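Read the structure below first, then the notes.
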Amino acid sequence: MNKKLLIFILFLVSLLIVTCTNQSAKLDSQKTSLPETKPLTIWWTKGFYPEEDEAIKQIVEEWQKNSGYPVELLFFNDDESLKITLLEAVAAEKPPDIVYNYGLEFGISPRLAWEDKLADVSDVIEPVKSLYTQTALTSVYLNNNVTKKRSYYAVPIQQQTLHIHYWQDLLKEINLTTSDIPNEWNKFWQFWQNTQKIIRQKDQSEIYGIGLTMSAASVDNFYEFEQMLEVYDVNLLDKNGKLQVDKPEVRQGIIKVLNWVTNLYKDGYIPPDSVQWAAVDNNVSFLNRNLLMVANPTLSIPTSQRQDLEVYQDQIKTIEFPNEPDGEPAKYLVSVKQILTFQSSSNLEQAKNFLSFFIRPENISEYLQLSGGRYFPVMPQLLSDKFWQDQTDPHISVAVKQFQEGATRPFNYVVNPAYSEVLSQNIWGKAIKRVIVDGLSTEDATDEAISKIQEIFAQW
């Protein structure tokens, strides 16, 4: 080969190598200079059933696929650990992008909205506002003390209220049926007291007639006590959110309810260990057949028995609350479960996009059904689905009537956020303990509770 031609070819090859190398280096430089996509962080309380966790995983996976945006989903084993970790993260201005917890409405969302820490999610809710119940909307329309106005600071996804379950087969053993259960308030509770006596005489069992939670460690306690205050028309706040505990009639109303509850315990119709129950212990006691009847703020008791059709369909029954002492139909307090996002979120736009996706009727319906019907829709149109309209289901069919036909209202924190702290600290559970454990009179325990409530309100 001609020497000059060889030199020329080698020059071209070297030039090509240098050019490719420089281009590669340029591309590598561009890659390293591109910002990494920070995943959308979601903190979620672990479900009561595995199906609940699978339901949220499915929705997250679908959103990731549609959006092309990564998600980091973290489950917390219990409500309290999530709350503590969340408040620490918010204080450090490093919150997750999205958080869901069963008790956010009690002490968390009203407080953070008041302090202007939550993101306004009106742009998520407004397009679908007509799909929601008024109770659901009211529950997330919270006060902001910085802007001095209300807005939507949480996204409602499901709701719960208090249900009553009993063992139908145990009644049959003493020749009683559902039709024997009175619908008048005093006669209704007397029925379970009498039934306890009859069963104990029959088989010497240690079964208790009434399952109410006496422990301040369980959220079921304040659900029950607040429901009883509602039943006896005891209004601690006026319509403007002003505290009324200094009124003699309100104090007497609290004393009356406290007497009613603690006397059932003192007279031996509620299990002694109920003063130590955690959130699931009333479920366990009932399912172990230590109770004839139990009140519970979700359908977790019957839905845990879905795989045993005889127990689910024939043995456990769910009934509505009896008429109130004045003869009026029961009014139900409703707790609306909600999702939050934060002003300091680093992915606020994506967080709102996910929330809008999550609350599409088809997605929220799937989530609720995969959760076994433990909680109920806050979008009335979803109740038309056959899952909720199955009249052969002895539990869901009754609960649907409570939500559709009964009068409902949210807890008092919606009119004054300070009341959420009354619930969070379970002032009522502590008052009950003072009476049945410490031996305080109901009058003195009521005065202690009133003093503590006034102290809480003074801090807001």
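As shown in the structure tokens, the chain order sets the letters A, B, ...; within each chain, residues go from 1, and ligands are also counted from 1 in the order they appear.
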
Closest-contact table, segment 305-413 of chain A side, partner segment 74-89 of chain A, 12 Å, counting only C-alpha atoms, as JSON lines:
```
{"residue": "A:Leu340", "atom": "CA", "partner": "A:Leu86", "partner_atom": "CA", "distance": 11.0}
{"residue": "A:Thr341", "atom": "CA", "partner": "A:Leu86", "partner_atom": "CA", "distance": 11.4}
{"residue": "A:Phe342", "atom": "CA", "partner": "A:Ala89", "partner_atom": "CA", "distance": 10.9}
{"residue": "A:Ser344", "atom": "CA", "partner": "A:Ala89", "partner_atom": "CA", "distance": 10.5}
{"residue": "A:Ser345", "atom": "CA", "partner": "A:Ala89", "partner_atom": "CA", "distance": 10.9}
```

Set the distance at 12 Å and use only C-alpha atoms: which residues neighbour Gly211 of chain A once local chain neighbours fewer than 5 positions away are removed? I'd like the list as an mmCIF file with all heavy atoms, in the first residue's frame.
```cif
data_model
loop_
_atom_site.group_PDB
_atom_site.id
_atom_site.type_symbol
_atom_site.label_atom_id
_atom_site.label_comp_id
_atom_site.auth_asym_id
_atom_site.auth_seq_id
_atom_site.Cartn_x
_atom_site.Cartn_y
_atom_site.Cartn_z
ATOM 1 N N HIS A 163 -71.804 0.715 64.829
ATOM 2 C CA HIS A 163 -72.724 -0.381 64.519
ATOM 3 C C HIS A 163 -72.900 -1.264 65.757
ATOM 4 O O HIS A 163 -72.029 -1.302 66.631
ATOM 5 C CB HIS A 163 -72.198 -1.235 63.372
ATOM 6 C CG HIS A 163 -71.746 -0.461 62.176
ATOM 7 N ND1 HIS A 163 -72.633 0.107 61.281
ATOM 8 C CD2 HIS A 163 -70.511 -0.141 61.727
ATOM 9 C CE1 HIS A 163 -71.962 0.729 60.336
ATOM 10 N NE2 HIS A 163 -70.665 0.603 60.583
ATOM 11 N N ILE A 164 -74.005 -1.987 65.791
ATOM 12 C CA ILE A 164 -74.253 -2.934 66.885
ATOM 13 C C ILE A 164 -74.351 -4.341 66.300
ATOM 14 O O ILE A 164 -75.089 -4.582 65.341
ATOM 15 C CB ILE A 164 -75.543 -2.583 67.648
ATOM 16 C CG1 ILE A 164 -75.347 -1.266 68.404
ATOM 17 C CG2 ILE A 164 -75.924 -3.705 68.626
ATOM 18 C CD1 ILE A 164 -76.585 -0.773 69.126
ATOM 19 N N HIS A 165 -73.580 -5.266 66.885
ATOM 20 C CA HIS A 165 -73.598 -6.670 66.478
ATOM 21 C C HIS A 165 -73.999 -7.541 67.672
ATOM 22 O O HIS A 165 -73.723 -7.196 68.818
ATOM 23 C CB HIS A 165 -72.219 -7.121 65.988
ATOM 24 C CG HIS A 165 -71.561 -6.181 65.032
ATOM 25 N ND1 HIS A 165 -72.089 -5.908 63.788
ATOM 26 C CD2 HIS A 165 -70.431 -5.441 65.130
ATOM 27 C CE1 HIS A 165 -71.293 -5.048 63.167
ATOM 28 N NE2 HIS A 165 -70.292 -4.748 63.955
ATOM 29 N N TYR A 166 -74.622 -8.660 67.383
ATOM 30 C CA TYR A 166 -74.949 -9.607 68.448
ATOM 31 C C TYR A 166 -74.921 -11.029 67.900
ATOM 32 O O TYR A 166 -74.937 -11.261 66.683
ATOM 33 C CB TYR A 166 -76.319 -9.293 69.073
ATOM 34 C CG TYR A 166 -77.498 -9.555 68.158
ATOM 35 C CD1 TYR A 166 -78.175 -10.784 68.181
ATOM 36 C CD2 TYR A 166 -77.952 -8.576 67.269
ATOM 37 C CE1 TYR A 166 -79.252 -11.026 67.341
ATOM 38 C CE2 TYR A 166 -79.028 -8.816 66.436
ATOM 39 C CZ TYR A 166 -79.668 -10.038 66.469
ATOM 40 O OH TYR A 166 -80.731 -10.289 65.635
ATOM 41 N N TRP A 167 -74.878 -12.003 68.833
ATOM 42 C CA TRP A 167 -74.873 -13.421 68.467
ATOM 43 C C TRP A 167 -76.310 -13.924 68.406
ATOM 44 O O TRP A 167 -76.947 -14.143 69.433
ATOM 45 C CB TRP A 167 -74.080 -14.243 69.470
ATOM 46 C CG TRP A 167 -72.597 -14.064 69.382
ATOM 47 C CD1 TRP A 167 -71.799 -13.395 70.266
ATOM 48 C CD2 TRP A 167 -71.730 -14.581 68.365
ATOM 49 N NE1 TRP A 167 -70.487 -13.439 69.868
ATOM 50 C CE2 TRP A 167 -70.409 -14.174 68.699
ATOM 51 C CE3 TRP A 167 -71.935 -15.331 67.207
ATOM 52 C CZ2 TRP A 167 -69.309 -14.501 67.914
ATOM 53 C CZ3 TRP A 167 -70.835 -15.656 66.421
ATOM 54 C CH2 TRP A 167 -69.544 -15.254 66.774
ATOM 55 N N TRP A 189 -81.459 -1.557 76.100
ATOM 56 C CA TRP A 189 -80.302 -1.873 76.929
ATOM 57 C C TRP A 189 -80.679 -2.807 78.075
ATOM 58 O O TRP A 189 -79.878 -3.643 78.491
ATOM 59 C CB TRP A 189 -79.655 -0.588 77.427
ATOM 60 C CG TRP A 189 -79.135 0.227 76.282
ATOM 61 C CD1 TRP A 189 -79.740 1.298 75.690
ATOM 62 C CD2 TRP A 189 -77.926 -0.012 75.552
ATOM 63 N NE1 TRP A 189 -78.983 1.754 74.642
ATOM 64 C CE2 TRP A 189 -77.863 0.978 74.529
ATOM 65 C CE3 TRP A 189 -76.891 -0.936 75.662
ATOM 66 C CZ2 TRP A 189 -76.796 1.046 73.636
ATOM 67 C CZ3 TRP A 189 -75.832 -0.867 74.760
ATOM 68 C CH2 TRP A 189 -75.794 0.105 73.765
ATOM 69 N N TRP A 192 -80.509 -6.583 77.001
ATOM 70 C CA TRP A 192 -79.217 -7.267 77.036
ATOM 71 C C TRP A 192 -78.799 -7.586 78.466
ATOM 72 O O TRP A 192 -78.123 -8.600 78.707
ATOM 73 C CB TRP A 192 -78.161 -6.428 76.318
ATOM 74 C CG TRP A 192 -78.534 -6.213 74.881
ATOM 75 C CD1 TRP A 192 -78.966 -5.056 74.302
ATOM 76 C CD2 TRP A 192 -78.546 -7.207 73.843
ATOM 77 N NE1 TRP A 192 -79.261 -5.259 72.978
ATOM 78 C CE2 TRP A 192 -79.014 -6.563 72.658
ATOM 79 C CE3 TRP A 192 -78.223 -8.557 73.793
ATOM 80 C CZ2 TRP A 192 -79.151 -7.243 71.457
ATOM 81 C CZ3 TRP A 192 -78.364 -9.237 72.591
ATOM 82 C CH2 TRP A 192 -78.813 -8.584 71.433
ATOM 83 N N GLN A 193 -79.217 -6.747 79.398
ATOM 84 C CA GLN A 193 -78.943 -7.063 80.802
ATOM 85 C C GLN A 193 -79.728 -8.310 81.229
ATOM 86 O O GLN A 193 -79.183 -9.218 81.875
ATOM 87 C CB GLN A 193 -79.320 -5.865 81.677
ATOM 88 C CG GLN A 193 -78.487 -4.617 81.398
ATOM 89 C CD GLN A 193 -78.998 -3.396 82.142
ATOM 90 O OE1 GLN A 193 -79.134 -3.409 83.356
ATOM 91 N NE2 GLN A 193 -79.293 -2.328 81.393
ATOM 92 N N GLN A 196 -78.294 -11.499 79.635
ATOM 93 C CA GLN A 196 -77.091 -11.971 80.350
ATOM 94 C C GLN A 196 -77.488 -12.839 81.542
ATOM 95 O O GLN A 196 -76.924 -13.921 81.751
ATOM 96 C CB GLN A 196 -76.250 -10.783 80.827
ATOM 97 C CG GLN A 196 -75.088 -11.194 81.733
ATOM 98 C CD GLN A 196 -74.293 -10.008 82.246
ATOM 99 O OE1 GLN A 196 -73.901 -9.129 81.467
ATOM 100 N NE2 GLN A 196 -74.053 -9.952 83.548
ATOM 101 N N ASP A 220 -62.236 3.470 70.197
ATOM 102 C CA ASP A 220 -63.648 3.064 70.239
ATOM 103 C C ASP A 220 -64.373 3.744 71.391
ATOM 104 O O ASP A 220 -65.570 3.999 71.321
ATOM 105 C CB ASP A 220 -63.760 1.543 70.400
ATOM 106 C CG ASP A 220 -63.355 0.797 69.135
ATOM 107 O OD1 ASP A 220 -62.678 1.403 68.283
ATOM 108 O OD2 ASP A 220 -63.707 -0.382 69.009
ATOM 109 N N ASN A 221 -63.636 4.034 72.449
ATOM 110 C CA ASN A 221 -64.236 4.625 73.636
ATOM 111 C C ASN A 221 -64.876 5.971 73.347
ATOM 112 O O ASN A 221 -66.034 6.220 73.687
ATOM 113 C CB ASN A 221 -63.184 4.757 74.744
ATOM 114 C CG ASN A 221 -63.713 5.457 75.978
ATOM 115 O OD1 ASN A 221 -63.725 6.686 76.031
ATOM 116 N ND2 ASN A 221 -64.155 4.695 76.950
ATOM 117 N N GLU A 224 -67.973 5.826 71.110
ATOM 118 C CA GLU A 224 -69.175 5.413 71.844
ATOM 119 C C GLU A 224 -69.710 6.551 72.709
ATOM 120 O O GLU A 224 -70.915 6.826 72.704
ATOM 121 C CB GLU A 224 -68.844 4.199 72.711
ATOM 122 C CG GLU A 224 -68.502 2.956 71.908
ATOM 123 C CD GLU A 224 -67.829 1.866 72.727
ATOM 124 O OE1 GLU A 224 -67.730 2.037 73.956
ATOM 125 O OE2 GLU A 224 -67.407 0.853 72.147
ATOM 126 N N VAL A 261 -73.181 5.171 81.401
ATOM 127 C CA VAL A 261 -72.122 4.259 80.962
ATOM 128 C C VAL A 261 -71.479 3.535 82.146
ATOM 129 O O VAL A 261 -71.330 2.308 82.133
ATOM 130 C CB VAL A 261 -71.041 5.025 80.162
ATOM 131 C CG1 VAL A 261 -69.828 4.139 79.906
ATOM 132 C CG2 VAL A 261 -71.611 5.537 78.847
ATOM 133 N N LEU A 264 -73.545 0.760 83.948
ATOM 134 C CA LEU A 264 -73.573 -0.523 83.244
ATOM 135 C C LEU A 264 -72.348 -1.359 83.611
ATOM 136 O O LEU A 264 -72.431 -2.580 83.789
ATOM 137 C CB LEU A 264 -73.616 -0.315 81.727
ATOM 138 C CG LEU A 264 -74.942 0.163 81.131
ATOM 139 C CD1 LEU A 264 -74.769 0.489 79.640
ATOM 140 C CD2 LEU A 264 -76.041 -0.883 81.302
ATOM 141 N N TYR A 265 -71.227 -0.696 83.747
ATOM 142 C CA TYR A 265 -69.994 -1.393 84.130
ATOM 143 C C TYR A 265 -70.048 -1.828 85.600
ATOM 144 O O TYR A 265 -69.779 -2.986 85.927
ATOM 145 C CB TYR A 265 -68.792 -0.476 83.896
ATOM 146 C CG TYR A 265 -67.471 -1.100 84.298
ATOM 147 C CD1 TYR A 265 -66.743 -1.858 83.385
ATOM 148 C CD2 TYR A 265 -66.947 -0.937 85.583
ATOM 149 C CE1 TYR A 265 -65.537 -2.444 83.735
ATOM 150 C CE2 TYR A 265 -65.744 -1.510 85.951
ATOM 151 C CZ TYR A 265 -65.039 -2.268 85.026
ATOM 152 O OH TYR A 265 -63.853 -2.849 85.389
ATOM 153 N N GLY A 268 -72.052 -4.841 86.435
ATOM 154 C CA GLY A 268 -71.569 -6.136 85.982
ATOM 155 C C GLY A 268 -72.041 -6.573 84.617
ATOM 156 O O GLY A 268 -71.968 -7.766 84.296
ATOM 157 N N TYR A 269 -72.479 -5.638 83.781
ATOM 158 C CA TYR A 269 -72.954 -6.012 82.447
ATOM 159 C C TYR A 269 -71.914 -5.787 81.356
ATOM 160 O O TYR A 269 -72.116 -6.156 80.201
ATOM 161 C CB TYR A 269 -74.241 -5.257 82.104
ATOM 162 C CG TYR A 269 -75.358 -5.579 83.063
ATOM 163 C CD1 TYR A 269 -75.815 -4.637 83.985
ATOM 164 C CD2 TYR A 269 -75.931 -6.849 83.069
ATOM 165 C CE1 TYR A 269 -76.831 -4.948 84.880
ATOM 166 C CE2 TYR A 269 -76.944 -7.165 83.966
ATOM 167 C CZ TYR A 269 -77.386 -6.215 84.870
ATOM 168 O OH TYR A 269 -78.387 -6.525 85.765
ATOM 169 N N ILE A 270 -70.805 -5.162 81.718
ATOM 170 C CA ILE A 270 -69.678 -4.931 80.815
ATOM 171 C C ILE A 270 -68.465 -5.625 81.423
ATOM 172 O O ILE A 270 -68.241 -5.530 82.633
ATOM 173 C CB ILE A 270 -69.413 -3.423 80.630
ATOM 174 C CG1 ILE A 270 -70.621 -2.738 79.977
ATOM 175 C CG2 ILE A 270 -68.164 -3.175 79.802
ATOM 176 C CD1 ILE A 270 -70.511 -1.223 79.893
ATOM 177 N N PRO A 271 -67.644 -6.327 80.647
ATOM 178 C CA PRO A 271 -66.511 -7.077 81.199
ATOM 179 C C PRO A 271 -65.556 -6.202 82.002
ATOM 180 O O PRO A 271 -65.243 -5.076 81.592
ATOM 181 C CB PRO A 271 -65.818 -7.647 79.951
ATOM 182 C CG PRO A 271 -66.872 -7.692 78.909
ATOM 183 C CD PRO A 271 -67.768 -6.519 79.178
ATOM 184 N N PRO A 272 -65.066 -6.701 83.134
ATOM 185 C CA PRO A 272 -64.128 -5.929 83.963
ATOM 186 C C PRO A 272 -62.872 -5.509 83.222
ATOM 187 O O PRO A 272 -62.343 -4.416 83.450
ATOM 188 C CB PRO A 272 -63.801 -6.896 85.106
ATOM 189 C CG PRO A 272 -64.952 -7.839 85.167
ATOM 190 C CD PRO A 272 -65.427 -7.987 83.757
ATOM 191 N N ASP A 273 -62.374 -6.383 82.313
ATOM 192 C CA ASP A 273 -61.121 -6.060 81.622
ATOM 193 C C ASP A 273 -61.305 -5.023 80.518
ATOM 194 O O ASP A 273 -60.328 -4.621 79.874
ATOM 195 C CB ASP A 273 -60.474 -7.324 81.062
ATOM 196 C CG ASP A 273 -61.287 -7.988 79.963
ATOM 197 O OD1 ASP A 273 -62.489 -7.654 79.823
ATOM 198 O OD2 ASP A 273 -60.735 -8.847 79.245
ATOM 199 N N SER A 274 -62.524 -4.545 80.296
ATOM 200 C CA SER A 274 -62.757 -3.526 79.263
ATOM 201 C C SER A 274 -62.057 -2.209 79.595
ATOM 202 O O SER A 274 -61.880 -1.377 78.710
ATOM 203 C CB SER A 274 -64.250 -3.286 79.062
ATOM 204 O OG SER A 274 -64.842 -2.789 80.238
ATOM 205 N N VAL A 275 -61.658 -2.030 80.861
ATOM 206 C CA VAL A 275 -60.906 -0.823 81.229
ATOM 207 C C VAL A 275 -59.493 -0.857 80.664
ATOM 208 O O VAL A 275 -58.791 0.160 80.675
ATOM 209 C CB VAL A 275 -60.838 -0.639 82.763
ATOM 210 C CG1 VAL A 275 -62.214 -0.433 83.342
ATOM 211 C CG2 VAL A 275 -60.139 -1.810 83.434
ATOM 212 N N TRP A 277 -58.892 -2.507 77.487
ATOM 213 C CA TRP A 277 -58.975 -2.886 76.081
ATOM 214 C C TRP A 277 -58.211 -1.931 75.171
ATOM 215 O O TRP A 277 -58.301 -0.709 75.315
ATOM 216 C CB TRP A 277 -60.429 -2.916 75.620
ATOM 217 C CG TRP A 277 -61.177 -4.157 76.037
ATOM 218 C CD1 TRP A 277 -60.675 -5.255 76.669
ATOM 219 C CD2 TRP A 277 -62.578 -4.403 75.854
ATOM 220 N NE1 TRP A 277 -61.668 -6.182 76.883
ATOM 221 C CE2 TRP A 277 -62.844 -5.686 76.385
ATOM 222 C CE3 TRP A 277 -63.615 -3.687 75.280
ATOM 223 C CZ2 TRP A 277 -64.120 -6.247 76.374
ATOM 224 C CZ3 TRP A 277 -64.888 -4.245 75.267
ATOM 225 C CH2 TRP A 277 -65.139 -5.513 75.807
ATOM 226 N N ASP A 281 -59.587 -5.189 71.072
ATOM 227 C CA ASP A 281 -59.972 -6.134 72.118
ATOM 228 C C ASP A 281 -61.473 -6.352 72.232
ATOM 229 O O ASP A 281 -61.921 -7.426 72.652
ATOM 230 C CB ASP A 281 -59.405 -5.696 73.472
ATOM 231 C CG ASP A 281 -57.901 -5.906 73.546
ATOM 232 O OD1 ASP A 281 -57.409 -6.832 72.858
ATOM 233 O OD2 ASP A 281 -57.228 -5.162 74.260
ATOM 234 N N ASN A 282 -62.268 -5.356 71.877
ATOM 235 C CA ASN A 282 -63.714 -5.607 71.872
ATOM 236 C C ASN A 282 -64.079 -6.591 70.767
ATOM 237 O O ASN A 282 -64.958 -7.435 70.937
ATOM 238 C CB ASN A 282 -64.503 -4.294 71.747
ATOM 239 C CG ASN A 282 -64.202 -3.548 70.463
ATOM 240 O OD1 ASN A 282 -63.146 -3.693 69.868
ATOM 241 N ND2 ASN A 282 -65.139 -2.725 70.027
ATOM 242 N N ASN A 283 -63.367 -6.494 69.618
ATOM 243 C CA ASN A 283 -63.558 -7.480 68.546
ATOM 244 C C ASN A 283 -63.236 -8.888 69.037
ATOM 245 O O ASN A 283 -64.012 -9.824 68.843
ATOM 246 C CB ASN A 283 -62.643 -7.171 67.349
ATOM 247 C CG ASN A 283 -62.943 -5.848 66.675
ATOM 248 O OD1 ASN A 283 -63.205 -4.853 67.332
ATOM 249 N ND2 ASN A 283 -62.890 -5.829 65.367
ATOM 250 N N VAL A 284 -62.083 -9.008 69.682
ATOM 251 C CA VAL A 284 -61.619 -10.318 70.151
ATOM 252 C C VAL A 284 -62.576 -10.890 71.192
ATOM 253 O O VAL A 284 -62.951 -12.068 71.136
ATOM 254 C CB VAL A 284 -60.191 -10.212 70.730
ATOM 255 C CG1 VAL A 284 -59.772 -11.522 71.388
ATOM 256 C CG2 VAL A 284 -59.205 -9.822 69.634
ATOM 257 N N SER A 285 -62.997 -10.052 72.126
ATOM 258 C CA SER A 285 -63.898 -10.517 73.183
ATOM 259 C C SER A 285 -65.216 -10.997 72.604
ATOM 260 O O SER A 285 -65.755 -12.027 73.018
ATOM 261 C CB SER A 285 -64.139 -9.393 74.194
ATOM 262 O OG SER A 285 -64.857 -9.863 75.313
ATOM 263 N N PHE A 286 -65.737 -10.262 71.623
ATOM 264 C CA PHE A 286 -66.995 -10.670 71.009
ATOM 265 C C PHE A 286 -66.830 -11.967 70.222
ATOM 266 O O PHE A 286 -67.628 -12.898 70.363
ATOM 267 C CB PHE A 286 -67.518 -9.568 70.079
ATOM 268 C CG PHE A 286 -68.815 -9.908 69.394
ATOM 269 C CD1 PHE A 286 -70.024 -9.773 70.062
ATOM 270 C CD2 PHE A 286 -68.830 -10.373 68.088
ATOM 271 C CE1 PHE A 286 -71.228 -10.093 69.439
ATOM 272 C CE2 PHE A 286 -70.022 -10.700 67.452
ATOM 273 C CZ PHE A 286 -71.221 -10.557 68.139
ATOM 274 N N LEU A 287 -65.786 -12.040 69.399
ATOM 275 C CA LEU A 287 -65.586 -13.226 68.566
ATOM 276 C C LEU A 287 -65.259 -14.460 69.401
ATOM 277 O O LEU A 287 -65.484 -15.589 68.963
ATOM 278 C CB LEU A 287 -64.490 -12.966 67.537
ATOM 279 C CG LEU A 287 -64.861 -11.950 66.450
ATOM 280 C CD1 LEU A 287 -63.655 -11.601 65.592
ATOM 281 C CD2 LEU A 287 -66.009 -12.466 65.587
ATOM 282 N N ARG A 289 -66.908 -15.077 71.960
ATOM 283 C CA ARG A 289 -68.218 -15.318 72.570
ATOM 284 C C ARG A 289 -68.232 -15.007 74.071
ATOM 285 O O ARG A 289 -68.939 -15.648 74.843
ATOM 286 C CB ARG A 289 -68.681 -16.769 72.317
ATOM 287 C CG ARG A 289 -68.967 -17.032 70.844
ATOM 288 C CD ARG A 289 -69.373 -18.473 70.576
ATOM 289 N NE ARG A 289 -69.764 -18.636 69.171
ATOM 290 C CZ ARG A 289 -71.007 -18.603 68.725
ATOM 291 N NH1 ARG A 289 -72.002 -18.404 69.579
ATOM 292 N NH2 ARG A 289 -71.275 -18.761 67.451
ATOM 293 N N ASN A 290 -67.471 -13.989 74.447
ATOM 294 C CA ASN A 290 -67.540 -13.493 75.818
ATOM 295 C C ASN A 290 -68.579 -12.385 75.948
ATOM 296 O O ASN A 290 -68.860 -11.923 77.053
ATOM 297 C CB ASN A 290 -66.172 -12.954 76.261
ATOM 298 C CG ASN A 290 -65.128 -14.047 76.312
ATOM 299 O OD1 ASN A 290 -65.436 -15.189 76.660
ATOM 300 N ND2 ASN A 290 -63.894 -13.716 75.968
ATOM 301 N N LEU A 291 -69.114 -11.943 74.808
ATOM 302 C CA LEU A 291 -70.107 -10.877 74.775
ATOM 303 C C LEU A 291 -71.318 -11.323 73.978
ATOM 304 O O LEU A 291 -71.185 -11.982 72.947
ATOM 305 C CB LEU A 291 -69.529 -9.622 74.109
ATOM 306 C CG LEU A 291 -68.297 -8.966 74.733
ATOM 307 C CD1 LEU A 291 -67.742 -7.909 73.785
ATOM 308 C CD2 LEU A 291 -68.644 -8.347 76.072
ATOM 309 N N LEU A 292 -72.502 -10.932 74.440
ATOM 310 C CA LEU A 292 -73.716 -11.155 73.650
ATOM 311 C C LEU A 292 -73.848 -10.104 72.555
ATOM 312 O O LEU A 292 -74.224 -10.402 71.429
ATOM 313 C CB LEU A 292 -74.949 -11.069 74.553
ATOM 314 C CG LEU A 292 -75.363 -12.314 75.323
ATOM 315 C CD1 LEU A 292 -76.476 -11.949 76.298
ATOM 316 C CD2 LEU A 292 -75.823 -13.388 74.361
ATOM 317 N N MET A 293 -73.536 -8.869 72.902
ATOM 318 C CA MET A 293 -73.697 -7.738 72.001
ATOM 319 C C MET A 293 -72.487 -6.829 72.130
ATOM 320 O O MET A 293 -71.880 -6.744 73.194
ATOM 321 C CB MET A 293 -74.975 -6.975 72.360
ATOM 322 C CG MET A 293 -75.212 -5.719 71.535
ATOM 323 S SD MET A 293 -74.488 -4.242 72.275
ATOM 324 C CE MET A 293 -75.715 -3.890 73.522
ATOM 325 N N VAL A 294 -72.137 -6.151 71.018
ATOM 326 C CA VAL A 294 -71.003 -5.237 71.042
ATOM 327 C C VAL A 294 -71.289 -4.061 70.117
ATOM 328 O O VAL A 294 -71.976 -4.200 69.099
ATOM 329 C CB VAL A 294 -69.705 -5.961 70.604
ATOM 330 C CG1 VAL A 294 -69.755 -6.346 69.133
ATOM 331 C CG2 VAL A 294 -68.463 -5.121 70.898
ATOM 332 N N ALA A 295 -70.772 -2.888 70.495
ATOM 333 C CA ALA A 295 -70.812 -1.712 69.615
ATOM 334 C C ALA A 295 -69.422 -1.527 69.028
ATOM 335 O O ALA A 295 -68.416 -1.640 69.741
ATOM 336 C CB ALA A 295 -71.223 -0.475 70.409
ATOM 337 N N ASN A 296 -69.357 -1.256 67.721
ATOM 338 C CA ASN A 296 -68.056 -1.120 67.067
ATOM 339 C C ASN A 296 -68.168 -0.097 65.931
ATOM 340 O O ASN A 296 -69.154 -0.101 65.191
ATOM 341 C CB ASN A 296 -67.606 -2.473 66.500
ATOM 342 C CG ASN A 296 -66.107 -2.529 66.277
ATOM 343 O OD1 ASN A 296 -65.325 -2.144 67.138
ATOM 344 N ND2 ASN A 296 -65.696 -3.004 65.124
#
```

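Within 10 Å of segment 412-416 of chain A there are Glu105, Phe106, Gly107, Ser109, Pro110, Arg111, Thr135, Thr138, Ser139, Val140, Tyr141, Leu142, Asn143, Glu226, Asn235, Leu236, Leu237, Asp238, Lys239, Asn240, Gly241, Lys242, Leu243, Leu333, Glu421, Val422, Leu423, Phe457 and Trp460 of chain A, counting only C-alpha atoms and ignoring same-chain residues fewer than 5 positions away.
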
Pick from A:Ser130, A:Gln64, A:Gln58, A:Asn183 nearest to Pro325 of chain A, counting only C-alpha atoms: A:Asn183

Point-to-point distance in Å for atom CA of Ile436 of chain A and atom CA of Ala278 of chain A: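 Separation between atom CA of Ala278 of chain A and atom CA of Ile436 of chain A: 17.3 Å.
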
At a cut-off of 12 Å, using only C-alpha atoms, what residues contact Asp53 of chain A? Leave out same-chain residues fewer than 2 positions from it and give the result as a PyMOL selection string. chain A and resi 43-51+55-60+73-77+367-368+370-372

Report, in Å to a single decimal, how far apart atom CA of Met228 of chain A and atom CA of Glu184 of chain A are. 14.5 Å
